[in-house]
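Data block for data.txt (compact mmCIF, C-alpha atoms):
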```txt
# COMPACT_ATOMS: atom_id res chain seq x y z
CA MET A 279 15.64 24.59 -1.98
CA GLY A 280 19.42 24.24 -2.44
CA TRP A 281 19.15 20.48 -2.28
CA ASN A 282 20.90 18.22 -4.79
CA GLY A 283 19.44 14.95 -3.58
CA LEU A 284 16.12 13.14 -3.99
CA LYS A 285 12.98 15.24 -3.92
CA ALA A 286 9.41 14.16 -3.27
CA GLU A 287 6.35 16.19 -4.18
CA GLY A 288 2.91 16.72 -2.72
CA PRO A 289 1.29 17.84 0.50
CA VAL A 290 1.79 16.07 3.84
CA GLU A 291 -1.66 14.47 3.55
CA LEU A 292 -1.08 12.95 0.08
CA ASN A 293 -2.32 9.32 0.16
CA LEU A 294 -2.20 9.27 3.95
CA ASP A 295 -5.85 8.17 3.85
CA MET A 296 -4.53 4.76 2.80
CA VAL A 297 -3.72 4.12 6.45
CA ARG A 298 -5.66 4.69 9.67
CA GLY A 299 -2.62 4.94 11.93
CA ASP A 300 -3.43 1.94 14.10
CA GLU A 301 -2.28 -0.77 11.66
CA THR A 302 -0.35 -3.75 12.99
CA PRO A 303 3.06 -4.49 11.44
CA ALA A 304 1.46 -7.41 9.53
CA GLU A 305 -1.23 -5.16 8.06
CA ILE A 306 1.30 -2.58 6.93
CA ILE A 307 3.50 -5.27 5.35
CA GLN A 308 0.50 -6.50 3.37
CA LEU A 309 -0.20 -2.97 2.20
CA ALA A 310 3.41 -2.48 1.11
CA TYR A 311 3.43 -5.90 -0.55
CA GLY A 312 0.39 -4.95 -2.60
CA MET A 313 2.07 -1.74 -3.76
CA GLU A 314 5.25 -3.65 -4.74
CA GLN A 315 3.13 -6.18 -6.59
CA SER A 316 1.31 -3.47 -8.45
CA LEU A 317 4.53 -1.74 -9.43
CA GLY A 318 5.86 -5.08 -10.69
CA PHE A 319 2.69 -5.47 -12.74
CA PHE A 320 3.26 -2.01 -14.19
CA TYR A 321 6.82 -2.91 -15.27
CA ARG A 322 5.59 -6.23 -16.71
CA THR A 323 2.90 -4.45 -18.71
CA VAL A 324 5.43 -2.02 -20.16
CA ARG A 325 7.82 -4.94 -20.84
CA THR A 326 5.25 -6.74 -23.00
CA ARG A 327 4.97 -3.68 -25.22
CA THR A 328 8.62 -2.90 -25.86
CA GLN A 329 10.74 -4.14 -28.77
CA ASP A 330 13.83 -2.25 -27.59
CA ASN A 331 16.43 -4.68 -26.17
CA GLU A 332 18.07 -2.22 -23.79
CA LEU A 333 14.71 -1.08 -22.44
CA ALA A 334 13.60 -4.70 -22.09
CA ARG A 335 16.74 -5.52 -20.05
CA LEU A 336 16.09 -2.57 -17.74
CA LEU A 337 12.46 -3.56 -17.28
CA GLU A 338 13.45 -7.13 -16.46
CA MET A 339 15.91 -5.83 -13.88
CA LEU A 340 13.21 -3.61 -12.35
CA ILE A 341 10.78 -6.55 -12.26
CA THR A 342 13.43 -8.67 -10.50
CA VAL A 343 14.04 -5.93 -7.93
CA GLU A 344 10.31 -5.64 -7.17
CA ASP A 345 10.14 -9.43 -6.80
CA LYS A 346 13.06 -9.25 -4.33
CA HIS A 347 11.25 -6.51 -2.39
CA LYS A 348 8.19 -8.73 -2.22
CA GLN A 349 10.33 -11.61 -0.96
CA TYR A 350 11.88 -9.30 1.65
CA LEU A 351 8.39 -8.27 2.82
CA LEU A 352 7.24 -11.86 2.96
CA GLU A 353 10.27 -12.81 5.08
CA LEU A 354 9.62 -9.82 7.32
CA TYR A 355 6.00 -10.91 7.67
CA LYS A 356 6.99 -14.47 8.52
CA SER A 357 9.48 -13.24 11.14
CA LEU A 358 6.73 -11.24 12.84
CA GLU A 359 3.94 -13.78 12.38
CA PRO A 360 5.70 -17.17 12.46
CA SER A 361 2.42 -19.04 12.89
CA GLY A 362 0.51 -16.72 10.60
CA ILE A 363 -1.15 -17.40 7.26
CA SER A 364 0.59 -19.16 4.39
CA PRO A 365 2.31 -17.15 1.64
CA GLU A 366 -0.55 -18.09 -0.74
CA ASN A 367 -3.20 -16.75 1.61
CA PHE A 368 -1.04 -13.74 2.35
CA GLU A 369 -1.01 -12.92 -1.38
CA ALA A 370 -4.75 -13.52 -1.65
CA ASP A 371 -5.38 -10.90 1.03
CA VAL A 372 -3.23 -8.31 -0.70
CA SER A 373 -4.81 -5.49 -2.63
CA SER A 374 -2.71 -4.52 -5.65
CA LYS A 375 -4.48 -1.77 -7.51
CA VAL A 376 -2.34 0.96 -5.97
CA MET A 377 1.34 1.10 -6.89
CA GLU A 378 4.18 2.18 -4.65
CA GLY A 379 3.95 5.87 -3.94
CA GLY A 380 0.15 5.64 -4.00
CA PHE A 381 -0.39 5.78 -7.76
CA ASP A 382 -3.24 3.97 -9.55
CA SER A 383 -1.49 1.63 -12.00
CA ASP A 384 -3.86 2.00 -14.98
CA GLU A 385 -4.01 5.78 -14.70
CA PHE A 386 -0.27 5.97 -14.27
CA ILE A 387 0.46 4.14 -17.54
CA LYS A 388 -1.93 6.42 -19.42
CA GLN A 389 -0.40 9.57 -17.99
CA ASN A 390 3.24 8.59 -18.48
CA GLU A 391 3.33 7.07 -21.96
CA LYS A 392 6.08 9.42 -23.11
CA PHE A 393 8.46 8.18 -20.38
CA LEU A 394 8.12 4.52 -21.31
CA ASN A 395 10.04 4.51 -24.56
CA ASP A 396 13.71 4.97 -23.67
CA VAL A 397 16.07 3.96 -20.89
CA PRO A 398 16.94 7.38 -19.35
CA SER A 399 13.25 8.42 -19.24
CA LEU A 400 12.20 5.13 -17.70
CA LEU A 401 14.99 5.38 -15.12
CA ASP A 402 13.85 8.92 -14.24
CA LEU A 403 10.27 7.70 -13.93
CA SER A 404 11.32 4.75 -11.82
CA MET A 405 13.36 6.98 -9.50
CA MET A 406 10.41 9.35 -9.15
CA LEU A 407 8.15 6.40 -8.22
CA GLU A 408 10.61 5.04 -5.67
CA THR A 409 11.20 8.48 -4.17
CA GLN A 410 7.45 9.01 -3.74
CA ALA A 411 7.24 5.51 -2.26
CA LEU A 412 10.02 6.24 0.24
CA ASP A 413 8.30 9.47 1.22
CA LEU A 414 4.93 7.75 1.59
CA TYR A 415 6.32 4.91 3.75
CA LEU A 416 8.01 7.45 6.01
CA ARG A 417 4.85 9.57 6.27
CA PHE A 418 2.94 6.37 7.11
CA ALA A 419 5.54 5.79 9.86
CA ASP A 420 5.03 9.29 11.18
CA LYS A 421 1.26 8.75 11.27
CA SER A 422 1.45 5.32 12.89
CA GLU A 423 0.69 5.05 16.59
CA ASN A 424 2.31 1.62 16.85
CA GLN A 425 6.08 1.61 17.50
CA GLN A 426 6.54 -1.84 15.92
CA THR A 427 4.71 -0.68 12.80
CA LYS A 428 6.89 2.43 12.68
CA ASP A 429 9.99 0.21 12.92
CA VAL A 430 8.76 -1.98 10.05
CA LEU A 431 8.07 1.07 7.90
CA HIS A 432 11.54 2.44 8.64
CA ARG A 433 13.05 -0.90 7.57
CA ILE A 434 11.02 -0.80 4.35
CA GLY A 435 12.24 2.79 3.89
CA ASP A 436 15.84 1.62 4.21
CA GLU A 437 15.19 -0.98 1.50
CA GLU A 438 13.81 1.75 -0.76
CA LYS A 439 16.82 3.95 -0.08
CA GLY A 440 19.13 1.14 -1.16
CA HIS A 441 17.11 0.61 -4.33
CA LEU A 442 17.17 4.33 -5.09
CA ALA A 443 20.95 4.47 -4.66
CA ALA A 444 21.33 1.63 -7.19
CA LEU A 445 18.95 3.31 -9.65
CA GLY A 446 20.79 6.62 -9.21
CA ALA A 447 24.13 4.98 -10.02
CA LEU A 448 22.60 3.42 -13.12
CA ARG A 449 21.05 6.75 -14.15
CA ASP A 450 24.45 8.49 -13.79
CA LYS A 451 25.97 5.97 -16.20
CA LYS A 452 23.28 6.77 -18.77
CA SER A 453 23.83 10.54 -18.60
CA MET B 164 10.13 22.48 30.45
CA VAL B 165 9.82 23.73 26.86
CA LEU B 166 13.19 25.42 27.22
CA GLU B 167 14.78 22.16 28.41
CA THR B 168 13.31 20.28 25.43
CA LEU B 169 14.53 22.98 23.08
CA LYS B 170 18.01 22.80 24.55
CA LYS B 171 18.12 19.04 24.13
CA LEU B 172 16.77 19.20 20.60
CA PHE B 173 19.10 21.79 19.19
CA THR B 174 22.31 21.34 21.20
CA PRO B 175 24.88 21.00 19.82
CA VAL B 176 24.01 22.74 16.57
CA GLU B 177 26.05 21.86 13.54
CA ALA B 178 25.73 23.29 10.05
CA LEU B 179 25.68 20.71 7.25
CA ASP B 180 25.88 21.56 3.59
CA ALA B 181 23.67 19.71 1.10
CA ASP B 182 26.31 17.06 0.31
CA GLN B 183 26.94 16.35 3.99
CA ALA B 184 23.22 16.11 4.69
CA ARG B 185 22.75 13.78 1.74
CA ALA B 186 25.60 11.57 2.95
CA TYR B 187 24.20 11.54 6.50
CA ILE B 188 20.77 10.46 5.27
CA ALA B 189 22.28 7.76 3.03
CA GLU B 190 24.47 6.35 5.80
CA HIS B 191 21.96 6.33 8.65
CA LYS B 192 18.99 4.08 9.21
CA GLU B 193 15.52 5.56 8.85
CA GLY B 194 14.01 6.25 12.23
CA SER B 195 17.38 7.07 13.80
CA PHE B 196 17.11 10.78 12.96
CA THR B 197 14.45 13.38 12.18
CA LEU B 198 14.37 15.40 9.01
CA LEU B 199 12.57 18.63 9.82
CA ASP B 200 11.20 20.91 7.12
CA VAL B 201 10.51 24.31 8.66
CA ARG B 202 9.39 26.00 5.44
CA GLN B 203 5.85 26.87 4.43
CA PRO B 204 3.39 24.13 3.32
CA GLY B 205 3.42 25.39 -0.30
CA GLU B 206 7.20 25.01 -0.47
CA TYR B 207 7.00 21.53 1.05
CA GLU B 208 4.33 20.55 -1.47
CA GLN B 209 6.47 21.67 -4.39
CA ALA B 210 9.52 19.66 -3.28
CA HIS B 211 10.77 18.14 -0.04
CA ILE B 212 13.33 15.62 1.10
CA PRO B 213 11.58 12.22 1.31
CA GLY B 214 10.41 11.57 4.84
CA ALA B 215 10.79 15.16 6.01
CA LYS B 216 8.40 16.22 8.75
CA LEU B 217 6.76 19.56 8.03
CA ILE B 218 6.54 21.96 10.96
CA PRO B 219 6.59 25.55 9.66
CA ILE B 220 8.95 27.65 11.74
CA ALA B 221 6.15 29.78 13.21
CA GLN B 222 4.45 26.61 14.59
CA LEU B 223 7.62 25.08 15.97
CA PRO B 224 7.37 26.44 19.55
CA ASN B 225 3.90 24.86 19.93
CA ARG B 226 4.78 21.54 18.26
CA MET B 227 8.09 20.68 19.90
CA GLU B 228 6.56 17.58 21.49
CA GLU B 229 6.27 16.05 18.00
CA LEU B 230 10.07 15.81 17.84
CA ASP B 231 12.02 13.06 19.58
CA PRO B 232 14.60 14.81 21.78
CA ASP B 233 16.78 11.68 21.74
CA LYS B 234 17.29 11.75 17.97
CA PRO B 235 19.43 14.13 15.91
CA VAL B 236 17.34 16.66 13.98
CA ILE B 237 18.34 17.83 10.51
CA ALA B 238 16.38 21.01 9.88
CA TYR B 239 16.07 22.92 6.63
```

Serialized structure, structure tokens:
Amino acid sequence: MGWNGLKAEGPVELNLDMVRGDETPAEIIQLAYGMEQSLGFFYRTVRTRTQDNELARLLEMLITVEDKHKQYLLELYKSLEPSGISPENFEADVSSKVMEGGFDSDEFIKQNEKFLNDVPSLLDLSMMLETQALDLYLRFADKSENQQTKDVLHRIGDEEKGHLAALGALRDKKS
Amino acid sequence: MVLETLKKLFTPVEALDADQARAYIAEHKEGSFTLLDVRQPGEYEQAHIPGAKLIPIAQLPNRMEELDPDKPVIAY
């Protein structure tokens, strides 16, 4: 493929079993929130292990971005469900074992140890994760039968695109 | 009917190079266009543009209804 932009991998069906297709916007926001939370946990885990100052700064930035994504999702949830559950209960209902892109967080750390020790490798890994996440959200949207849910997933996709553009600019500086 | 849908979907046709396509995707909101991957499933699996919808070219005539005729389609 003569494509010089972002590339995702995997078959169309990859992790599509995470959704039924009839989710409400609120349900899909909770799912996305859980994946953001899990990715944040991943970055925090790696942060506790590193002694490298530059790597630590990058990890803290990535943690902050994931926290902002969570805040964005919470605001989106509140705008759709103004009389819905409280943020605390919302968090309690969230499952956070699966990271963005559909990866299991514990397995992912084990399999990617070699990418967690320097800034360019971690940026590459982070961009791969966000690209897979963007692809998964958009495949969820394609599978969804609910137009409002599709719209929410497209908005989440736009957020991911913005994050990827920022990571790409940072990666270019490190080349 | 199929012919009408086809006409609406692919008219006008414009060729974009990779940089132009990348810029279009970056500048436009998700859901406002369709990215269509007409290659084989194995090629898609190896690498695809995030969010691309896979309809191998041979299946396209029978799956046209999966495309929104009101949205621009970027096919590759």

Contact check, chain A to chain B, at most 12 Å, counting only C-alpha atoms, closest pairs as CSV:
```
residue,atom,partner,partner_atom,distance
A:Met279,CA,B:Ala210,CA,8.0
A:Gly280,CA,B:Ala181,CA,7.1
A:Trp281,CA,B:Ala181,CA,5.7
A:Asn282,CA,B:Ala181,CA,6.7
A:Gly283,CA,B:Arg185,CA,6.4
A:Leu284,CA,B:Ile212,CA,6.3
A:Lys285,CA,B:Ile212,CA,5.0
A:Ala286,CA,B:His211,CA,5.3
A:Glu287,CA,B:Ala210,CA,4.8
A:Gly288,CA,B:Glu208,CA,4.3
A:Pro289,CA,B:Glu208,CA,4.5
A:Val290,CA,B:Leu217,CA,7.4
A:Glu291,CA,B:Glu208,CA,9.9
A:Leu292,CA,B:Glu208,CA,9.5
A:Gly379,CA,B:Pro213,CA,11.2
A:Met406,CA,B:Pro213,CA,10.9
A:Leu407,CA,B:Pro213,CA,11.7
A:Glu408,CA,B:Pro213,CA,10.1
A:Thr409,CA,B:Pro213,CA,6.6
A:Gln410,CA,B:Pro213,CA,7.3
A:Ala411,CA,B:Pro213,CA,8.8
A:Leu412,CA,B:Pro213,CA,6.3
A:Asp413,CA,B:Pro213,CA,4.3
A:Leu414,CA,B:Gly214,CA,7.4
A:Tyr415,CA,B:Gly214,CA,7.9
A:Leu416,CA,B:Gly214,CA,4.9
A:Arg417,CA,B:Gly214,CA,6.1
A:Phe418,CA,B:Gly214,CA,9.4
A:Ala419,CA,B:Gly194,CA,8.8
A:Asp420,CA,B:Lys216,CA,8.1
A:Lys421,CA,B:Lys216,CA,10.6
A:Gln425,CA,B:Gly194,CA,10.6
A:Gln426,CA,B:Gly194,CA,11.6
A:Thr427,CA,B:Gly194,CA,11.6
A:Lys428,CA,B:Gly194,CA,8.1
A:Asp429,CA,B:Gly194,CA,7.3
A:Val430,CA,B:Gly194,CA,10.0
A:Leu431,CA,B:Glu193,CA,8.8
A:His432,CA,B:Glu193,CA,5.1
A:Arg433,CA,B:Glu193,CA,7.0
A:Ile434,CA,B:Glu193,CA,9.0
A:Gly435,CA,B:Glu193,CA,6.6
A:Asp436,CA,B:Glu193,CA,6.1
A:Glu437,CA,B:Glu193,CA,9.8
A:Glu438,CA,B:Glu193,CA,10.5
A:Lys439,CA,B:Ala189,CA,7.3
A:Gly440,CA,B:Ala189,CA,8.4
A:His441,CA,B:Ala189,CA,11.5
A:Leu442,CA,B:Ala189,CA,10.2
A:Ala443,CA,B:Ala189,CA,8.5
A:Ala444,CA,B:Ala189,CA,12.0
```

Would you tabulate, counting all atoms listed in the file, all residues of region 368-437 of chain A that have an atom at most 8 Å from an atom of region 305-318 of chain A, showing the closest pair of atoms and their distance in Å to one decimal, sorted by chain then ascending number, as a tab-separated table?
```
residue	atom	partner	partner_atom	distance
A:Phe368	CA	A:Gln308	CA	7.5
A:Asp371	CA	A:Gln308	CA	7.7
A:Val372	CA	A:Gly312	CA	5.3
A:Ser373	CA	A:Gly312	CA	5.2
A:Ser374	CA	A:Gly312	CA	4.4
A:Lys375	CA	A:Ser316	CA	6.1
A:Val376	CA	A:Met313	CA	5.6
A:Met377	CA	A:Met313	CA	4.3
A:Glu378	CA	A:Met313	CA	4.5
A:Gly379	CA	A:Met313	CA	7.8
A:Gly380	CA	A:Met313	CA	7.6
A:Ser383	CA	A:Ser316	CA	6.8
A:Thr427	CA	A:Ile306	CA	7.0
A:Val430	CA	A:Ile307	CA	7.8
A:Leu431	CA	A:Ile306	CA	7.8
```

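Between Leu351 (chain A) and the residues A:Phe320, A:Leu400, A:Thr326, A:Glu369, the shortest atom-to-atom distance, using all atoms listed in the file, involves A:Glu369.
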
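The two atoms in question, CA of Leu230 (chain B) and CA of Gly299 (chain A), are spaced 17.7 Å apart.
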
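Coordinates place CA of Lys346 (chain A) at a distance of 23.7 Å from CA of Glu301 (chain A).
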
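Between CA of Leu337 (chain A) and CA of Glu353 (chain A) the separation is 24.3 Å.
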
Padding of 8 Å on every side, edges along x, y and z, all listed atoms of region 185-189 of chain B included: what centre and edge lengths in Å, to one decimal, does that box have, as lines of an AutoDock Vina configuration file?
```
center_x = 23.2
center_y = 10.8
center_z = 4.1
size_x = 20.8
size_y = 22.0
size_z = 20.8
```

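Closest approach to Ile341 (chain A) from the set A:Met296, A:Gln329, A:Ser453, A:Ser404 is made by A:Ser404, with distances taken over all atoms listed in the file.
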